[in-house]
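Shown next: my_file33.txt, given as compact mmCIF, C-alpha atoms and all ligand atoms.
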```txt
# COMPACT_ATOMS: atom_id res chain seq x y z
CA MET A 1 110.30 234.75 52.16
CA SER A 2 107.44 236.12 54.24
CA VAL A 3 105.02 238.82 53.11
CA ASP A 4 103.49 241.28 55.54
CA LEU A 5 100.19 241.85 53.71
CA PHE A 6 98.68 244.20 56.29
CA ALA A 7 101.78 246.08 57.43
CA ASP A 8 100.58 249.47 56.16
CA ALA A 9 97.10 249.33 57.66
CA GLN A 10 97.73 247.33 60.81
CA PRO A 11 101.08 246.91 62.53
CA LEU A 12 101.50 243.29 63.57
CA PRO A 13 102.52 242.37 67.12
CA GLU A 14 106.25 241.68 67.45
CA GLY A 15 106.91 238.01 66.69
CA MET A 16 103.81 237.45 64.51
CA VAL A 17 104.76 236.44 60.96
CA LEU A 18 102.37 235.73 58.06
CA LEU A 19 103.32 233.18 55.42
CA PRO A 20 100.48 233.48 52.86
CA ALA A 21 99.55 230.24 51.04
CA TYR A 22 102.60 228.51 52.57
CA ALA A 23 100.76 225.23 53.22
CA SER A 24 99.09 225.20 49.79
CA ASP A 25 102.43 225.54 48.00
CA PRO A 26 102.45 222.91 45.21
CA GLY A 27 105.40 221.20 46.88
CA ARG A 28 103.45 220.58 50.11
CA ALA A 29 99.70 220.78 49.51
CA ALA A 30 98.94 217.15 48.63
CA ALA A 31 100.94 215.60 51.48
CA VAL A 32 99.51 218.10 54.00
CA TRP A 33 95.90 217.39 53.01
CA GLU A 34 96.47 213.63 52.99
CA ALA A 35 97.98 213.82 56.50
CA VAL A 36 95.08 215.92 57.82
CA GLN A 37 92.52 213.47 56.45
CA ALA A 38 94.38 210.53 58.04
CA VAL A 39 94.42 212.18 61.48
CA VAL A 40 90.74 213.12 61.30
CA ALA A 41 89.83 209.56 60.27
CA ALA A 42 91.89 208.00 63.10
CA ALA A 43 90.78 210.37 65.87
CA PRO A 44 87.48 212.00 64.90
CA PRO A 45 87.06 215.64 65.98
CA ARG A 46 84.72 215.96 68.96
CA VAL A 47 82.97 218.68 70.93
CA MET A 48 84.71 219.61 74.18
CA HIS A 49 83.09 220.85 77.36
CA THR A 50 85.16 223.43 79.23
CA PRO A 51 84.54 224.79 82.74
CA HIS A 52 82.98 227.82 80.98
CA GLY A 53 80.72 225.98 78.55
CA THR A 54 80.66 223.87 75.42
CA MET A 55 82.89 224.84 72.50
CA SER A 56 81.23 225.12 69.07
CA VAL A 57 84.41 224.02 67.31
CA ARG A 58 85.21 220.29 67.17
CA LEU A 59 88.74 219.32 68.20
CA THR A 60 91.19 216.49 67.80
CA ALA A 61 94.97 216.14 68.00
CA CYS A 62 98.00 214.18 66.89
CA GLY A 63 101.47 213.82 68.38
CA ALA A 64 102.83 212.66 71.75
CA VAL A 65 100.13 214.59 73.60
CA GLY A 66 96.80 216.23 72.83
CA TRP A 67 94.90 219.10 74.42
CA VAL A 68 91.67 218.16 76.15
CA ALA A 69 89.08 220.10 78.06
CA SER A 70 86.66 218.87 80.70
CA ALA A 71 84.56 220.37 83.44
CA ALA A 72 87.73 220.16 85.57
CA GLY A 73 89.84 222.36 83.24
CA TYR A 74 92.30 222.03 80.35
CA ARG A 75 95.46 219.98 79.95
CA TYR A 76 97.68 218.05 77.59
CA VAL A 77 97.35 214.26 77.89
CA ALA A 78 99.10 211.32 76.19
CA GLN A 79 95.91 209.23 75.86
CA ASP A 80 92.88 210.23 73.87
CA PRO A 81 90.07 210.07 76.45
CA GLU A 82 87.57 209.07 73.73
CA ARG A 83 89.52 206.18 72.17
CA PRO A 84 91.73 203.40 73.47
CA GLY A 85 95.44 204.20 73.13
CA PRO A 86 97.53 207.22 72.21
CA TRP A 87 96.82 210.03 69.77
CA PRO A 88 97.79 209.42 66.11
CA ALA A 89 101.47 210.16 65.48
CA LEU A 90 102.35 213.59 64.08
CA PRO A 91 102.69 212.92 60.33
CA ALA A 92 106.13 213.73 58.89
CA ALA A 93 104.70 216.11 56.28
CA LEU A 94 103.04 218.17 59.03
CA ARG A 95 106.09 218.13 61.31
CA ARG A 96 108.21 219.35 58.38
CA LEU A 97 105.72 222.10 57.46
CA ALA A 98 105.67 223.44 61.02
CA ALA A 99 109.45 223.33 61.45
CA GLN A 100 110.08 225.02 58.10
CA ALA A 101 107.51 227.76 58.78
CA ALA A 102 108.96 228.45 62.24
CA ASP A 103 112.47 228.57 60.79
CA GLU A 104 111.32 230.97 58.07
CA ALA A 105 109.80 233.22 60.74
CA GLY A 106 113.02 233.34 62.76
CA PHE A 107 112.39 230.51 65.27
CA PRO A 108 114.85 227.75 64.32
CA GLY A 109 114.85 224.33 66.01
CA PHE A 110 111.07 224.08 66.51
CA GLU A 111 110.10 220.45 67.23
CA PRO A 112 106.35 220.34 67.96
CA ASP A 113 105.12 217.51 70.18
CA THR A 114 101.47 218.11 69.33
CA CYS A 115 99.21 219.45 66.60
CA LEU A 116 95.66 220.44 67.55
CA LEU A 117 93.05 220.33 64.80
CA ASN A 118 90.06 222.66 65.14
CA VAL A 119 87.19 221.90 62.78
CA TYR A 120 84.76 224.81 62.20
CA GLN A 121 81.40 224.46 60.53
CA PRO A 122 79.65 227.62 59.31
CA GLY A 123 78.61 229.67 62.36
CA ASP A 124 81.28 228.17 64.64
CA ARG A 125 83.60 230.63 66.40
CA MET A 126 86.33 230.76 69.01
CA GLY A 127 86.15 233.38 71.74
CA LEU A 128 89.14 235.53 72.70
CA HIS A 129 91.61 233.60 74.84
CA THR A 130 95.31 233.21 75.58
CA ASP A 131 97.11 229.89 75.00
CA LYS A 132 98.90 229.25 78.28
CA ASP A 133 98.81 225.49 78.87
CA GLU A 134 102.25 224.97 77.27
CA ALA A 135 105.43 224.59 79.34
CA ASP A 136 107.77 227.06 77.62
CA PHE A 137 106.52 230.24 75.93
CA ARG A 138 109.84 230.72 74.15
CA TRP A 139 108.62 228.24 71.53
CA PRO A 140 106.27 229.68 68.91
CA ILE A 141 102.87 228.33 67.90
CA VAL A 142 102.48 227.68 64.16
CA SER A 143 98.92 228.01 62.79
CA VAL A 144 97.75 226.60 59.44
CA SER A 145 94.35 227.50 58.00
CA LEU A 146 92.56 225.23 55.52
CA GLY A 147 89.15 225.50 53.85
CA ILE A 148 86.63 228.33 54.26
CA PRO A 149 88.29 231.72 54.92
CA ALA A 150 87.72 233.14 58.40
CA THR A 151 88.42 236.36 60.27
CA PHE A 152 91.09 235.92 62.88
CA LEU A 153 91.15 238.45 65.74
CA VAL A 154 94.22 239.45 67.76
CA ALA A 155 94.20 241.76 70.78
CA GLN A 156 97.44 243.71 70.57
CA GLY A 157 97.57 244.95 74.14
CA GLN A 158 95.70 246.86 76.83
CA GLY A 159 93.23 249.27 75.24
CA ARG A 160 94.62 248.77 71.75
CA PRO A 161 92.22 247.92 68.91
CA LEU A 162 91.77 244.39 67.69
CA LEU A 163 93.69 243.36 64.64
CA ARG A 164 91.47 241.55 62.14
CA LEU A 165 93.00 239.30 59.48
CA LEU A 166 91.23 237.19 56.89
CA LEU A 167 92.97 233.81 56.94
CA GLN A 168 92.52 231.83 53.75
CA HIS A 169 93.21 228.28 52.64
CA GLY A 170 96.90 227.51 53.03
CA ASP A 171 97.84 230.58 55.07
CA VAL A 172 100.34 229.98 57.84
CA VAL A 173 100.87 232.31 60.80
CA VAL A 174 103.74 231.97 63.26
CA PHE A 175 103.21 233.41 66.75
CA GLY A 176 106.49 233.80 68.64
CA GLY A 177 108.09 236.43 70.83
CA ALA A 178 105.60 238.88 72.34
CA ALA A 179 102.83 237.71 69.96
CA ARG A 180 102.87 234.32 71.70
CA ARG A 181 101.07 235.90 74.66
CA CYS A 182 98.43 237.84 72.68
CA ARG A 183 94.72 237.21 73.20
CA HIS A 184 93.15 235.90 70.00
CA GLY A 185 90.01 234.33 68.58
CA VAL A 186 88.04 233.57 65.43
CA ALA A 187 84.84 235.36 64.29
CA PRO A 188 81.88 233.15 63.29
CA VAL A 189 82.84 231.29 60.12
CA PRO A 190 80.68 232.23 57.12
CA ALA A 191 78.54 229.74 55.23
CA ALA A 192 80.67 228.76 52.26
CA ARG A 193 82.26 225.77 50.59
CA HIS A 194 85.88 225.17 49.73
CA GLY A 195 86.71 222.99 46.70
CA LEU A 196 89.04 220.62 48.58
CA VAL A 197 87.97 220.88 52.23
CA GLY A 198 84.19 221.26 51.76
CA ALA A 199 81.88 223.34 54.00
CA ARG A 200 84.46 223.53 56.80
CA ARG A 201 87.43 225.42 58.07
CA ILE A 202 90.20 223.30 59.59
CA ASN A 203 92.86 225.03 61.66
CA LEU A 204 96.03 223.24 62.71
CA THR A 205 98.12 224.60 65.58
CA PHE A 206 101.55 223.10 66.14
CA ARG A 207 102.87 223.44 69.66
CA ARG A 208 105.66 222.37 71.97
CA ALA A 209 103.51 221.51 74.96
CA ARG A 210 106.11 219.84 77.24
C1 LIG A 301 98.29 233.79 68.97
N1 LIG A 301 92.94 228.55 67.21
O1 LIG A 301 93.58 226.50 68.86
S1 LIG A 301 94.99 229.86 65.26
C2 LIG A 301 93.69 227.66 69.31
O2 LIG A 301 91.96 229.50 64.02
C3 LIG A 301 93.31 228.81 68.45
O3 LIG A 301 91.40 227.80 65.22
C4 LIG A 301 92.49 229.56 66.31
O4 LIG A 301 93.34 229.91 68.90
C5 LIG A 301 91.92 228.91 65.08
O5 LIG A 301 94.14 227.91 70.43
C6 LIG A 301 93.54 230.54 65.98
C7 LIG A 301 96.08 231.19 65.53
C8 LIG A 301 96.74 231.24 66.88
C9 LIG A 301 97.02 230.11 67.60
C10 LIG A 301 97.71 230.20 68.78
C11 LIG A 301 98.15 231.43 69.25
C12 LIG A 301 97.14 232.44 67.35
C13 LIG A 301 97.86 232.56 68.52
C14 LIG A 301 98.90 231.56 70.43
C15 LIG A 301 99.33 232.78 70.84
C16 LIG A 301 99.02 233.91 70.12
FE FE A 302 94.48 229.88 70.77
```
Rendering of file as structure tokens:
Amino acid sequence: MSVDLFADAQPLPEGMVLLPAYASDPGRAAAVWEAVQAVVAAAPPRVMHTPHGTMSVRLTACGAVGWVASAAGYRYVAQDPERPGPWPALPAALRRLAAQAADEAGFPGFEPDTCLLNVYQPGDRMGLHTDKDEADFRWPIVSVSLGIPATFLVAQGQGRPLLRLLLQHGDVVVFGGAARRCRHGVAPVPAARHGLVGARRINLTFRRAR
């Protein structure tokens, strides 16, 4: 079951589905957190330098490919440029979480080939952008928020106001359909501490890149 917490105040873009506390469900929480810690230990999050400047957020990835930025641009690559060998495998608990959330949101058959992990420290932000480095926009992106709550921003269309949503520990958002092409970003993360995750926000995005 999905709950549309903000439906009265703010209509959501078509294809955007909120699953509050889905990842912190007692049946999933421990395996999800264990998997996240294993990925972060194997492939430490690092600052990336884009053609437009340095990102404040630290990034890493797991799966068959990972997203990397350089002065030359952005792309998905099978080798981690900062370590010998491939990215860590996508842990089964995370693959299952993403597939179940997508199914729940009306996008059956989702098989992500990558999960990007964004690690925010207080003050870190992500400017408005569109995710367009993936091959087929018919697949959704599944987002999982862990740790410090943050304000997520979505631009609904030309001249329309920004939608602002507070995403809290365990919240899952599925972006399919028209929402897949929305501009979005994250406001500066407040100084705070989460009991499990510490003074950080970790966002996972599951994608079918190829
Ligand atoms: C809407 N991450 O990694 S997740 C990103 O919280 C990214 O770290 C943000 O934007 C974060 O690219 C937001 C929510 C999200 C992810 C992908 C989307 C929203 C999206 C793709 C299309 C539309
Ligand atoms: Fe994005």
At a cut-off of 10 Å, using all atoms listed in the file, what residues contact A:Leu162? Leave out same-chain residues fewer than 3 positions from it and give the result as a compact mmCIF listing (two decimals) with C-alpha atoms, in the coordinates of the input.
```
# COMPACT_ATOMS: atom_id res chain seq x y z
CA GLN A 10 97.73 247.33 60.81
CA PHE A 152 91.09 235.92 62.88
CA LEU A 153 91.15 238.45 65.74
CA VAL A 154 94.22 239.45 67.76
CA ALA A 155 94.20 241.76 70.78
CA GLN A 156 97.44 243.71 70.57
CA GLY A 157 97.57 244.95 74.14
CA GLY A 159 93.23 249.27 75.24
CA LEU A 165 93.00 239.30 59.48
CA ARG A 183 94.72 237.21 73.20
CA HIS A 184 93.15 235.90 70.00
```
Selection as a ChimeraX atom specification: residues within 10 Å of ligand FE 302 (chain A) by all atoms listed in the file: /A:126-132,141,143,180-186,205
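Polymer residues near (97.9, 232.5, 59.1): counting all atoms listed in the file with a cut-off of 10 Å, they are Met16, Val17, Leu18, Leu19, Pro20, Ala21, Tyr22, Ala23, Val142, Ser143, Val144, Ser145, Leu146, Phe152, Leu165, Leu166, Leu167, Gln168, His169, Gly170, Asp171, Val172, Val173, Val174, Phe175 and Asn203 of chain A.
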Residues near stretch 65-70 of chain A, cut-off 12 Å, only C-alpha atoms, skip fewer than 4 positions along chain, as number ranges by chain: A: 43, 45-55, 58-61, 74-82, 85-90, 112-118, 131-134, 205-210
Residue nearest ligand LIG 301 (chain A) - candidates A:Gly106, A:Pro91, A:Pro188, A:Gly63, atoms counted: all atoms listed in the file: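 That would be A:Pro188, the residue with the smallest distance to ligand LIG 301 (chain A).
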Near-A:Glu14 list (8 Å; all atoms listed in the file; drop same-chain fewer than 2 positions) as a PyMOL selection string: chain A and resi 12+16+176-179
Any chance you could work out the axis-aligned box around ligand LIG 301 (chain A), listed atoms only, 4 Å on each side, giving centre and edge lengths in Å to one decimal, as JSON?
```
{"center_x": 95.4, "center_y": 230.2, "center_z": 67.4, "size_x": 15.9, "size_y": 15.4, "size_z": 14.8}
```
Separation of atom CA of A:Ile148 from atom CA of A:Ala93, in Å and rounded to one decimal: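 The value is 21.9 Å.
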Counting only C-alpha atoms, the residue of A:Gly109, A:Pro161, A:Gly198, A:Gly123 that sits nearest A:Gly147: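 Using only C-alpha atoms, the shortest distance to A:Gly147 belongs to A:Gly198.
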Coordinates-based distance that separates atom CA of A:Gly73 from atom CA of A:Leu204 (Å, one decimal):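 Going from atom CA of A:Leu204 over to atom CA of A:Gly73 covers 21.5 Å.
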Minimum-distance residue to ligand LIG 301 (chain A), chosen among A:His194, A:Arg164, A:Arg28, A:Arg125 (using all atoms listed in the file):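 For ligand LIG 301 (chain A), the nearest of the candidates is A:Arg125.
Interatomic distance, atom CA of A:Ala92 to atom CA of A:Asp136: 23.0 Å.
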Using all atoms listed in the file: which of A:Val189, A:Ala30, A:Ala199, A:Ala102 has the shortest distance to ligand LIG 301 (chain A):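 Checking each candidate against ligand LIG 301 (chain A), we get A:Val189 as the closest.
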